[in-house]
file input22.cif (mmCIF, C-alpha atoms; chains and numbers go by the auth columns)
data_query
#
loop_
_atom_site.group_PDB
_atom_site.id
_atom_site.type_symbol
_atom_site.label_atom_id
_atom_site.label_comp_id
_atom_site.label_asym_id
_atom_site.label_seq_id
_atom_site.Cartn_x
_atom_site.Cartn_y
_atom_site.Cartn_z
_atom_site.B_iso_or_equiv
_atom_site.auth_seq_id
_atom_site.auth_asym_id
ATOM 1 C CA MET A 1 -10.330 -16.739 21.089 0.00 1 S
ATOM 2 C CA ASP A 2 -7.287 -14.691 22.024 0.00 2 S
ATOM 3 C CA ALA A 3 -7.182 -11.703 24.350 0.00 3 S
ATOM 4 C CA ALA A 4 -6.452 -9.213 21.558 0.00 4 S
ATOM 5 C CA ALA A 5 -9.607 -10.204 19.681 0.00 5 S
ATOM 6 C CA THR A 6 -11.793 -9.765 22.775 0.00 6 S
ATOM 7 C CA ASN A 7 -10.248 -6.406 23.710 0.00 7 S
ATOM 8 C CA PRO A 8 -10.082 -4.021 20.731 0.00 8 S
ATOM 9 C CA ASP A 9 -8.513 -1.270 22.856 0.00 9 S
ATOM 10 C CA ARG A 10 -5.553 -3.531 23.520 0.00 10 S
ATOM 11 C CA THR A 11 -5.181 -4.217 19.788 0.00 11 S
ATOM 12 C CA GLU A 12 -5.296 -0.510 18.951 0.00 12 S
ATOM 13 C CA ARG A 13 -2.729 0.250 21.653 0.00 13 S
ATOM 14 C CA GLY A 14 -0.460 -2.395 20.145 0.00 14 S
ATOM 15 C CA GLN A 15 -0.872 -0.927 16.656 0.00 15 S
ATOM 16 C CA HIS A 16 -0.206 2.568 17.986 0.00 16 S
ATOM 17 C CA ARG A 17 2.929 1.318 19.749 0.00 17 S
ATOM 18 C CA LEU A 18 4.121 -0.377 16.539 0.00 18 S
ATOM 19 C CA ARG A 19 3.603 2.834 14.532 0.00 19 S
ATOM 20 C CA LEU A 20 5.518 4.780 17.156 0.00 20 S
ATOM 21 C CA ILE A 21 8.424 2.321 17.014 0.00 21 S
ATOM 22 C CA VAL A 22 8.546 2.490 13.206 0.00 22 S
ATOM 23 C CA LEU A 23 8.473 6.293 13.353 0.00 23 S
ATOM 24 C CA LEU A 24 11.315 6.344 15.899 0.00 24 S
ATOM 25 C CA VAL A 25 13.414 3.952 13.803 0.00 25 S
ATOM 26 C CA LEU A 26 12.912 6.098 10.703 0.00 26 S
ATOM 27 C CA LEU A 27 13.754 9.240 12.662 0.00 27 S
ATOM 28 C CA ALA A 28 16.919 7.602 14.009 0.00 28 S
ATOM 29 C CA ALA A 29 17.899 6.564 10.459 0.00 29 S
ATOM 30 C CA VAL A 30 17.455 10.103 9.138 0.00 30 S
ATOM 31 C CA VAL A 31 19.373 11.647 12.038 0.00 31 S
ATOM 32 C CA GLY A 32 22.108 9.024 11.601 0.00 32 S
ATOM 33 C CA ALA A 33 22.365 9.737 7.881 0.00 33 S
ATOM 34 C CA ILE A 34 22.647 13.466 8.545 0.00 34 S
ATOM 35 C CA ALA A 35 25.338 12.832 11.182 0.00 35 S
ATOM 36 C CA VAL A 36 27.347 10.668 8.770 0.00 36 S
ATOM 37 C CA GLY A 37 27.020 13.329 6.071 0.00 37 S
ATOM 38 C CA VAL A 38 28.266 16.038 8.431 0.00 38 S
ATOM 39 C CA ALA A 39 31.120 13.824 9.645 0.00 39 S
ATOM 40 C CA MET A 40 32.222 13.141 6.066 0.00 40 S
ATOM 41 C CA GLY A 41 32.430 16.886 5.517 0.00 41 S
ATOM 42 C CA GLY A 42 31.126 16.800 1.982 0.00 42 S
ATOM 43 C CA GLN A 43 33.934 14.590 0.676 0.00 43 S
ATOM 44 C CA ASN A 44 33.388 12.787 -2.583 0.00 44 S
ATOM 45 C CA THR A 45 32.856 9.295 -1.231 0.00 45 S
ATOM 46 C CA GLY A 46 31.384 7.795 -4.367 0.00 46 S
ATOM 47 C CA PHE A 47 28.146 7.176 -2.506 0.00 47 S
ATOM 48 C CA PHE A 48 26.202 8.815 -5.315 0.00 48 S
ATOM 49 C CA ASP A 49 28.509 7.829 -8.173 0.00 49 S
ATOM 50 C CA GLY A 50 28.285 4.539 -9.959 0.00 50 S
ATOM 51 C CA ASP A 51 29.971 3.062 -12.963 0.00 51 S
ATOM 52 C CA PRO A 52 27.875 0.076 -13.945 0.00 52 S
ATOM 53 C CA PRO A 53 28.985 -2.474 -16.495 0.00 53 S
ATOM 54 C CA ARG A 54 27.311 -1.916 -19.835 0.00 54 S
ATOM 55 C CA TRP A 55 24.962 -4.893 -19.507 0.00 55 S
ATOM 56 C CA VAL A 56 23.805 -3.720 -16.070 0.00 56 S
ATOM 57 C CA SER A 57 22.998 -0.212 -17.273 0.00 57 S
ATOM 58 C CA ARG A 58 21.153 -1.643 -20.296 0.00 58 S
ATOM 59 C CA LEU A 59 19.193 -3.999 -18.075 0.00 59 S
ATOM 60 C CA GLY A 60 18.324 -1.029 -15.855 0.00 60 S
ATOM 61 C CA LEU A 61 17.119 1.012 -18.831 0.00 61 S
ATOM 62 C CA VAL A 62 15.018 -1.894 -20.088 0.00 62 S
ATOM 63 C CA LEU A 63 13.439 -2.296 -16.632 0.00 63 S
ATOM 64 C CA VAL A 64 12.770 1.442 -16.334 0.00 64 S
ATOM 65 C CA LEU A 65 11.200 1.570 -19.800 0.00 65 S
ATOM 66 C CA ALA A 66 9.145 -1.576 -19.163 0.00 66 S
ATOM 67 C CA GLY A 67 7.969 -0.100 -15.858 0.00 67 S
ATOM 68 C CA VAL A 68 6.963 3.155 -17.536 0.00 68 S
ATOM 69 C CA VAL A 69 5.115 1.236 -20.277 0.00 69 S
ATOM 70 C CA ILE A 70 3.228 -0.768 -17.614 0.00 70 S
ATOM 71 C CA GLU A 71 2.364 2.428 -15.727 0.00 71 S
ATOM 72 C CA VAL A 72 1.130 4.216 -18.857 0.00 72 S
ATOM 73 C CA ALA A 73 -0.826 1.176 -20.052 0.00 73 S
ATOM 74 C CA ALA A 74 -2.382 0.776 -16.596 0.00 74 S
ATOM 75 C CA ALA A 75 -3.301 4.475 -16.483 0.00 75 S
ATOM 76 C CA VAL A 76 -4.886 4.318 -19.960 0.00 76 S
ATOM 77 C CA TRP A 77 -6.776 1.158 -18.970 0.00 77 S
ATOM 78 C CA ILE A 78 -7.960 2.743 -15.694 0.00 78 S
ATOM 79 C CA VAL A 79 -9.198 5.860 -17.486 0.00 79 S
ATOM 80 C CA GLY A 80 -10.661 3.896 -20.404 0.00 80 S
ATOM 81 C CA THR A 81 -12.677 1.580 -18.187 0.00 81 S
ATOM 82 C CA GLY A 82 -13.788 4.400 -15.897 0.00 82 S
ATOM 83 C CA ARG A 83 -12.383 2.718 -12.805 0.00 83 S
ATOM 84 C CA TYR A 84 -10.835 5.954 -11.588 0.00 84 S
ATOM 85 C CA ARG A 85 -14.343 7.387 -11.236 0.00 85 S
ATOM 86 C CA SER A 86 -15.920 4.365 -9.560 0.00 86 S
ATOM 87 C CA GLY A 87 -15.594 5.712 -6.023 0.00 87 S
ATOM 88 C CA ARG A 88 -16.786 9.277 -6.612 0.00 88 S
ATOM 89 C CA GLN A 89 -20.352 8.601 -5.506 0.00 89 S
ATOM 90 C CA SER A 90 -19.353 6.410 -2.572 0.00 90 S
ATOM 91 C CA PRO A 91 -21.082 7.138 0.738 0.00 91 S
ATOM 92 C CA LEU A 92 -17.726 6.443 2.407 0.00 92 S
ATOM 93 C CA LEU A 93 -16.395 9.815 1.240 0.00 93 S
ATOM 94 C CA GLY A 94 -18.582 11.638 3.739 0.00 94 S
ATOM 95 C CA LEU A 95 -17.311 9.625 6.692 0.00 95 S
ATOM 96 C CA GLY A 96 -14.530 10.574 9.044 0.00 96 S
ATOM 97 C CA TRP A 97 -11.133 8.928 8.856 0.00 97 S
ATOM 98 C CA SER A 98 -11.576 6.961 12.089 0.00 98 S
ATOM 99 C CA HIS A 99 -14.971 5.606 10.995 0.00 99 S
ATOM 100 C CA ARG A 100 -13.539 4.490 7.650 0.00 100 S
ATOM 101 C CA ARG A 101 -10.642 2.766 9.421 0.00 101 S
ATOM 102 C CA ARG A 102 -13.115 0.995 11.697 0.00 102 S
ATOM 103 C CA LEU A 103 -15.080 -0.201 8.655 0.00 103 S
ATOM 104 C CA ASP A 104 -11.863 -1.385 6.986 0.00 104 S
ATOM 105 C CA ARG A 105 -10.888 -3.316 10.085 0.00 105 S
ATOM 106 C CA GLN A 106 -14.300 -4.993 10.321 0.00 106 S
ATOM 107 C CA VAL A 107 -14.163 -6.095 6.680 0.00 107 S
ATOM 108 C CA ARG A 108 -10.543 -7.288 6.885 0.00 108 S
ATOM 109 C CA ARG A 109 -11.258 -9.349 9.999 0.00 109 S
ATOM 110 C CA ASP A 110 -14.676 -10.482 8.738 0.00 110 S
ATOM 111 C CA ALA A 111 -16.093 -9.388 12.070 0.00 111 S
ATOM 112 C CA PRO A 112 -18.931 -6.916 11.518 0.00 112 S
ATOM 113 C CA GLU A 113 -20.150 -5.120 14.608 0.00 113 S
ATOM 114 C CA VAL A 114 -23.824 -5.461 15.434 0.00 114 S
ATOM 115 C CA ASP A 115 -24.591 -1.726 15.347 0.00 115 S
ATOM 116 C CA GLU A 116 -22.642 -0.980 12.128 0.00 116 S
ATOM 117 C CA ASP A 117 -24.431 0.097 8.945 0.00 117 S
ATOM 118 C CA ARG A 118 -24.428 -2.963 6.694 0.00 118 S
ATOM 119 C CA ALA A 119 -24.532 -0.901 3.490 0.00 119 S
ATOM 120 C CA LEU A 120 -21.280 0.821 4.497 0.00 120 S
ATOM 121 C CA LEU A 121 -19.645 -2.533 5.211 0.00 121 S
ATOM 122 C CA VAL A 122 -20.687 -3.828 1.790 0.00 122 S
ATOM 123 C CA GLU A 123 -19.417 -0.640 0.127 0.00 123 S
ATOM 124 C CA THR A 124 -16.060 -0.995 1.924 0.00 124 S
ATOM 125 C CA ALA A 125 -15.720 -4.640 0.870 0.00 125 S
ATOM 126 C CA GLU A 126 -16.658 -3.794 -2.724 0.00 126 S
ATOM 127 C CA GLN A 127 -14.060 -1.031 -2.816 0.00 127 S
ATOM 128 C CA PHE A 128 -11.412 -3.469 -1.605 0.00 128 S
ATOM 129 C CA VAL A 129 -12.319 -5.763 -4.502 0.00 129 S
ATOM 130 C CA LYS A 130 -12.555 -2.977 -7.085 0.00 130 S
ATOM 131 C CA GLN A 131 -9.178 -1.492 -6.143 0.00 131 S
ATOM 132 C CA ARG A 132 -7.305 -4.633 -7.160 0.00 132 S
ATOM 133 C CA TYR A 133 -6.293 -2.819 -10.376 0.00 133 S
ATOM 134 C CA LEU A 134 -3.962 -0.589 -8.333 0.00 134 S
ATOM 135 C CA ALA A 135 -1.613 -3.571 -7.982 0.00 135 S
ATOM 136 C CA VAL A 136 -0.877 -3.357 -11.718 0.00 136 S
ATOM 137 C CA LEU A 137 0.003 0.324 -11.449 0.00 137 S
ATOM 138 C CA CYS A 138 2.212 -0.337 -8.421 0.00 138 S
ATOM 139 C CA SER A 139 3.985 -3.190 -10.200 0.00 139 S
ATOM 140 C CA GLY A 140 5.034 -0.750 -12.928 0.00 140 S
ATOM 141 C CA LEU A 141 6.380 1.600 -10.276 0.00 141 S
ATOM 142 C CA LEU A 142 8.187 -1.327 -8.650 0.00 142 S
ATOM 143 C CA MET A 143 9.844 -2.260 -11.949 0.00 143 S
ATOM 144 C CA THR A 144 10.882 1.352 -12.529 0.00 144 S
ATOM 145 C CA SER A 145 12.431 1.514 -9.055 0.00 145 S
ATOM 146 C CA VAL A 146 14.442 -1.675 -9.643 0.00 146 S
ATOM 147 C CA GLY A 147 15.599 -0.391 -13.026 0.00 147 S
ATOM 148 C CA GLN A 148 16.834 2.848 -11.479 0.00 148 S
ATOM 149 C CA VAL A 149 18.973 0.852 -9.054 0.00 149 S
ATOM 150 C CA PHE A 150 20.743 -0.815 -11.974 0.00 150 S
ATOM 151 C CA VAL A 151 21.107 2.438 -13.907 0.00 151 S
ATOM 152 C CA GLY A 152 22.544 4.311 -10.911 0.00 152 S
ATOM 153 C CA TYR A 153 24.673 1.392 -9.695 0.00 153 S
ATOM 154 C CA ALA A 154 25.806 3.234 -6.585 0.00 154 S
ATOM 155 C CA PRO A 155 25.200 2.669 -2.855 0.00 155 S
ATOM 156 C CA PHE A 156 22.765 5.583 -2.663 0.00 156 S
ATOM 157 C CA HIS A 157 20.652 4.182 -5.492 0.00 157 S
ATOM 158 C CA ALA A 158 20.788 0.697 -3.977 0.00 158 S
ATOM 159 C CA VAL A 159 19.557 1.966 -0.603 0.00 159 S
ATOM 160 C CA THR A 160 16.766 4.135 -2.001 0.00 160 S
ATOM 161 C CA GLY A 161 15.841 1.471 -4.540 0.00 161 S
ATOM 162 C CA GLY A 162 15.691 -1.157 -1.808 0.00 162 S
ATOM 163 C CA LEU A 163 13.424 1.045 0.301 0.00 163 S
ATOM 164 C CA LEU A 164 11.167 1.753 -2.676 0.00 164 S
ATOM 165 C CA LEU A 165 11.136 -1.927 -3.595 0.00 165 S
ATOM 166 C CA ALA A 166 10.061 -2.861 -0.072 0.00 166 S
ATOM 167 C CA PHE A 167 7.385 -0.144 -0.124 0.00 167 S
ATOM 168 C CA TRP A 168 5.906 -1.246 -3.465 0.00 168 S
ATOM 169 C CA VAL A 169 5.966 -4.942 -2.503 0.00 169 S
ATOM 170 C CA VAL A 170 4.184 -4.247 0.786 0.00 170 S
ATOM 171 C CA LEU A 171 1.627 -2.076 -1.012 0.00 171 S
ATOM 172 C CA ILE A 172 0.942 -4.680 -3.725 0.00 172 S
ATOM 173 C CA VAL A 173 0.586 -7.483 -1.182 0.00 173 S
ATOM 174 C CA SER A 174 -1.716 -5.299 0.918 0.00 174 S
ATOM 175 C CA ILE A 175 -3.926 -4.422 -2.070 0.00 175 S
ATOM 176 C CA LEU A 176 -4.259 -8.052 -3.161 0.00 176 S
ATOM 177 C CA ARG A 177 -4.835 -9.325 0.374 0.00 177 S
ATOM 178 C CA ASN A 178 -7.517 -6.687 1.013 0.00 178 S
ATOM 179 C CA ALA A 179 -9.222 -7.670 -2.269 0.00 179 S
ATOM 180 C CA ARG A 180 -9.310 -11.318 -1.172 0.00 180 S
ATOM 181 C CA ARG A 181 -10.638 -10.324 2.243 0.00 181 S
ATOM 182 C CA GLY A 182 -13.294 -8.133 0.636 0.00 182 S
ATOM 183 C CA GLU A 183 -14.412 -11.045 -1.549 0.00 183 S
ATOM 184 C CA ALA A 184 -14.488 -13.343 1.483 0.00 184 S
ATOM 185 C CA PHE A 185 -16.538 -10.793 3.442 0.00 185 S
ATOM 186 C CA LEU A 186 -19.076 -10.441 0.632 0.00 186 S
ATOM 187 C CA GLY A 187 -19.246 -14.224 0.256 0.00 187 S
ATOM 188 C CA ASN A 188 -19.713 -14.787 3.987 0.00 188 S
ATOM 189 C CA HIS A 189 -22.413 -12.117 4.348 0.00 189 S
ATOM 190 C CA PRO A 190 -24.677 -12.250 1.283 0.00 190 S
ATOM 191 C CA ASP A 191 -27.608 -11.093 3.428 0.00 191 S
ATOM 192 C CA PHE A 192 -25.909 -7.692 3.924 0.00 192 S
ATOM 193 C CA ARG A 193 -26.550 -6.785 0.265 0.00 193 S
ATOM 194 C CA ASP A 194 -30.283 -7.404 0.554 0.00 194 S
ATOM 195 C CA ARG A 195 -30.854 -4.643 3.092 0.00 195 S
#

call {"tool": "encode", "arguments": {"input": "input22.cif", "output": "structure tokens"}}
result
Amino acid sequence: MDAAATNPDRTERGQHRLRLIVLLVLLAAVVGAIAVGVAMGGQNTGFFDGDPPRWVSRLGLVLVLAGVVIEVAAAVWIVGTGRYRSGRQSPLLGLGWSHRRRLDRQVRRDAPEVDEDRALLVETAEQFVKQRYLAVLCSGLLMTSVGQVFVGYAPFHAVTGGLLLAFWVVLIVSILRNARRGEAFLGNHPDFRDR
């Protein structure tokens, strides 16, 4: 067993430090972008202008339209099946943010604390599994973002599209991984449902 697993305060400090580093990097990027913009003095650099070949712009439009179709179909499916309402009666809604994060962490790590309410742990795991459908919606948004890069065909669109692509990929992977962890938690603790 490693030291981080035996000392949760150390793990939380590490996560807090990582968030702070990411925030500082993003802040530095924004300040740097503003500085470059001021230094350029508003010149037309072509950073926002793109002249894509015809096949690239058509591919971009097809990807954007396919992404929108996936998003609309996913939204209709979510509403039609009632999945968007599935969490309205959840007892987790009345909990504080820190308590919900603690429950999430216990389910993801498959390490329930002794004094934790088992019904809340089961509810958290079930929500992880039920929210798998969000990956379909995010994949439509991902496809739309990629299509916009091809339509814009300029450095600005490539940078923003790349950031959006990374965001959607991380979100989809996180949703699917949490669903697998929720299933594993429920499978490893069938006695939690009986109480």

call {"tool": "atom_distance", "arguments": {"input": "input22.cif", "atom1": "CA of Gly187 (chain S)", "atom2": "CA of Gly87 (chain S)"}}
result
21.2 Å

call {"tool": "resolve_selection", "arguments": {"input": "input22.cif", "expression": "the PyMOL selection byres ((chain S and resi 123-131) around 6)", "output": "list of chain:residue names"}}
result
S:Leu120, S:Leu121, S:Val122, S:Arg132, S:Tyr133, S:Leu134, S:Asn178, S:Ala179, S:Gly182

call {"tool": "residues_around", "arguments": {"input": "input22.cif", "residues": "Leu65 (chain S)", "least_positions_apart": "2", "cutoff": "12 Å", "atoms": "only C-alpha atoms", "output": "list in words"}}
result
Arg58, Leu59, Gly60, Leu61, Val62, Leu63, Gly67, Val68, Val69, Ile70, Glu71, Val72, Gly140, Leu141, Leu142, Met143, Thr144, Ser145, Val146, Gly147, Gln148 and Val151 of chain S

call {"tool": "atom_distance", "arguments": {"input": "input22.cif", "atom1": "CA of Cys138 (chain S)", "atom2": "CA of Thr160 (chain S)"}}
result
16.5 Å

call {"tool": "atom_distance", "arguments": {"input": "input22.cif", "atom1": "CA of Gly94 (chain S)", "atom2": "CA of Arg181 (chain S)"}}
result
23.4 Å

call {"tool": "residues_around", "arguments": {"input": "input22.cif", "residues": "Ala119 (chain S)", "least_positions_apart": "3", "cutoff": "12 Å", "atoms": "all atoms listed in the file", "output": "list in words"}}
result
Ser90, Pro91, Leu92, Leu103, Pro112, Asp115, Glu116, Val122, Glu123, Thr124, Ala125, Glu126, Leu186, His189, Pro190, Asp191, Phe192, Arg193, Asp194 and Arg195 of chain S

call {"tool": "closest_residue", "arguments": {"input": "input22.cif", "among": "S:Val22, S:Ala184, S:Ala28, S:Val56", "to": "Ala111 (chain S)", "atoms": "all atoms listed in the file"}}
result
S:Ala184

call {"tool": "closest_residue", "arguments": {"input": "input22.cif", "among": "S:Phe150, S:Gln89, S:Phe167, S:Leu137", "to": "Ala75 (chain S)", "atoms": "all atoms listed in the file"}}
result
S:Leu137

call {"tool": "closest_residue", "arguments": {"input": "input22.cif", "among": "S:Pro52, S:Asn188, S:Ala154, S:Ala135", "to": "Trp168 (chain S)", "atoms": "all atoms listed in the file"}}
result
S:Ala135

call {"tool": "axis_aligned_box", "arguments": {"input": "input22.cif", "around": "region 152-165 of chain S", "padding_each_side": "4 Å", "output": "AutoDock Vina command-line options"}}
result
--center_x 18.5 --center_y 1.8 --center_z -5.3 --size_x 22.7 --size_y 15.5 --size_z 19.2

call {"tool": "build_atoms", "arguments": {"input": "input22.cif", "residues": "region 60-81 of chain S", "atoms": "N, CA, C and O atoms", "output": "PDB file, keeping the file's coordinate frame"}}
result
ATOM      1  N   GLY S  60      19.031  -2.055 -16.617  1.00  0.00           N
ATOM      2  CA  GLY S  60      18.324  -1.029 -15.855  1.00  0.00           C
ATOM      3  C   GLY S  60      17.424  -0.184 -16.745  1.00  0.00           C
ATOM      4  O   GLY S  60      16.274   0.098 -16.389  1.00  0.00           O
ATOM      5  N   LEU S  61      17.937   0.213 -17.908  1.00  0.00           N
ATOM      6  CA  LEU S  61      17.119   1.012 -18.831  1.00  0.00           C
ATOM      7  C   LEU S  61      15.917   0.218 -19.336  1.00  0.00           C
ATOM      8  O   LEU S  61      14.811   0.761 -19.454  1.00  0.00           O
ATOM      9  N   VAL S  62      16.132  -1.062 -19.630  1.00  0.00           N
ATOM     10  CA  VAL S  62      15.018  -1.894 -20.088  1.00  0.00           C
ATOM     11  C   VAL S  62      13.958  -1.998 -18.990  1.00  0.00           C
ATOM     12  O   VAL S  62      12.753  -1.885 -19.256  1.00  0.00           O
ATOM     13  N   LEU S  63      14.392  -2.198 -17.737  1.00  0.00           N
ATOM     14  CA  LEU S  63      13.439  -2.296 -16.632  1.00  0.00           C
ATOM     15  C   LEU S  63      12.701  -0.980 -16.414  1.00  0.00           C
ATOM     16  O   LEU S  63      11.485  -0.980 -16.170  1.00  0.00           O
ATOM     17  N   VAL S  64      13.420   0.131 -16.496  1.00  0.00           N
ATOM     18  CA  VAL S  64      12.770   1.442 -16.334  1.00  0.00           C
ATOM     19  C   VAL S  64      11.747   1.657 -17.440  1.00  0.00           C
ATOM     20  O   VAL S  64      10.602   2.061 -17.180  1.00  0.00           O
ATOM     21  N   LEU S  65      12.135   1.383 -18.689  1.00  0.00           N
ATOM     22  CA  LEU S  65      11.200   1.570 -19.800  1.00  0.00           C
ATOM     23  C   LEU S  65      10.005   0.629 -19.699  1.00  0.00           C
ATOM     24  O   LEU S  65       8.863   1.035 -19.946  1.00  0.00           O
ATOM     25  N   ALA S  66      10.250  -0.630 -19.325  1.00  0.00           N
ATOM     26  CA  ALA S  66       9.145  -1.576 -19.163  1.00  0.00           C
ATOM     27  C   ALA S  66       8.210  -1.113 -18.043  1.00  0.00           C
ATOM     28  O   ALA S  66       6.983  -1.204 -18.173  1.00  0.00           O
ATOM     29  N   GLY S  67       8.785  -0.611 -16.958  1.00  0.00           N
ATOM     30  CA  GLY S  67       7.969  -0.100 -15.858  1.00  0.00           C
ATOM     31  C   GLY S  67       7.123   1.087 -16.290  1.00  0.00           C
ATOM     32  O   GLY S  67       5.936   1.173 -15.945  1.00  0.00           O
ATOM     33  N   VAL S  68       7.713   1.989 -17.057  1.00  0.00           N
ATOM     34  CA  VAL S  68       6.963   3.155 -17.536  1.00  0.00           C
ATOM     35  C   VAL S  68       5.848   2.713 -18.489  1.00  0.00           C
ATOM     36  O   VAL S  68       4.724   3.234 -18.432  1.00  0.00           O
ATOM     37  N   VAL S  69       6.148   1.746 -19.360  1.00  0.00           N
ATOM     38  CA  VAL S  69       5.115   1.236 -20.277  1.00  0.00           C
ATOM     39  C   VAL S  69       3.962   0.620 -19.485  1.00  0.00           C
ATOM     40  O   VAL S  69       2.783   0.853 -19.796  1.00  0.00           O
ATOM     41  N   ILE S  70       4.277  -0.165 -18.442  1.00  0.00           N
ATOM     42  CA  ILE S  70       3.228  -0.768 -17.614  1.00  0.00           C
ATOM     43  C   ILE S  70       2.410   0.316 -16.925  1.00  0.00           C
ATOM     44  O   ILE S  70       1.174   0.242 -16.881  1.00  0.00           O
ATOM     45  N   GLU S  71       3.081   1.349 -16.402  1.00  0.00           N
ATOM     46  CA  GLU S  71       2.364   2.428 -15.727  1.00  0.00           C
ATOM     47  C   GLU S  71       1.438   3.161 -16.691  1.00  0.00           C
ATOM     48  O   GLU S  71       0.273   3.436 -16.352  1.00  0.00           O
ATOM     49  N   VAL S  72       1.950   3.492 -17.873  1.00  0.00           N
ATOM     50  CA  VAL S  72       1.130   4.216 -18.857  1.00  0.00           C
ATOM     51  C   VAL S  72      -0.030   3.347 -19.322  1.00  0.00           C
ATOM     52  O   VAL S  72      -1.179   3.811 -19.405  1.00  0.00           O
ATOM     53  N   ALA S  73       0.243   2.074 -19.613  1.00  0.00           N
ATOM     54  CA  ALA S  73      -0.826   1.176 -20.052  1.00  0.00           C
ATOM     55  C   ALA S  73      -1.878   1.019 -18.954  1.00  0.00           C
ATOM     56  O   ALA S  73      -3.082   1.011 -19.243  1.00  0.00           O
ATOM     57  N   ALA S  74      -1.430   0.894 -17.710  1.00  0.00           N
ATOM     58  CA  ALA S  74      -2.382   0.776 -16.596  1.00  0.00           C
ATOM     59  C   ALA S  74      -3.202   2.045 -16.453  1.00  0.00           C
ATOM     60  O   ALA S  74      -4.422   1.983 -16.230  1.00  0.00           O
ATOM     61  N   ALA S  75      -2.562   3.211 -16.595  1.00  0.00           N
ATOM     62  CA  ALA S  75      -3.301   4.475 -16.483  1.00  0.00           C
ATOM     63  C   ALA S  75      -4.326   4.613 -17.603  1.00  0.00           C
ATOM     64  O   ALA S  75      -5.471   5.025 -17.366  1.00  0.00           O
ATOM     65  N   VAL S  76      -3.944   4.252 -18.832  1.00  0.00           N
ATOM     66  CA  VAL S  76      -4.886   4.318 -19.960  1.00  0.00           C
ATOM     67  C   VAL S  76      -6.038   3.357 -19.728  1.00  0.00           C
ATOM     68  O   VAL S  76      -7.215   3.697 -19.955  1.00  0.00           O
ATOM     69  N   TRP S  77      -5.737   2.153 -19.243  1.00  0.00           N
ATOM     70  CA  TRP S  77      -6.776   1.158 -18.970  1.00  0.00           C
ATOM     71  C   TRP S  77      -7.721   1.644 -17.869  1.00  0.00           C
ATOM     72  O   TRP S  77      -8.935   1.506 -17.976  1.00  0.00           O
ATOM     73  N   ILE S  78      -7.148   2.245 -16.812  1.00  0.00           N
ATOM     74  CA  ILE S  78      -7.960   2.743 -15.694  1.00  0.00           C
ATOM     75  C   ILE S  78      -8.899   3.850 -16.163  1.00  0.00           C
ATOM     76  O   ILE S  78     -10.077   3.872 -15.823  1.00  0.00           O
ATOM     77  N   VAL S  79      -8.367   4.768 -16.975  1.00  0.00           N
ATOM     78  CA  VAL S  79      -9.198   5.860 -17.486  1.00  0.00           C
ATOM     79  C   VAL S  79     -10.213   5.333 -18.496  1.00  0.00           C
ATOM     80  O   VAL S  79     -11.388   5.713 -18.480  1.00  0.00           O
ATOM     81  N   GLY S  80      -9.771   4.440 -19.370  1.00  0.00           N
ATOM     82  CA  GLY S  80     -10.661   3.896 -20.404  1.00  0.00           C
ATOM     83  C   GLY S  80     -11.827   3.108 -19.843  1.00  0.00           C
ATOM     84  O   GLY S  80     -12.936   3.152 -20.383  1.00  0.00           O
ATOM     85  N   THR S  81     -11.600   2.381 -18.784  1.00  0.00           N
ATOM     86  CA  THR S  81     -12.677   1.580 -18.187  1.00  0.00           C
ATOM     87  C   THR S  81     -13.505   2.378 -17.192  1.00  0.00           C
ATOM     88  O   THR S  81     -14.536   1.893 -16.719  1.00  0.00           O
TER      89      THR S  81
END
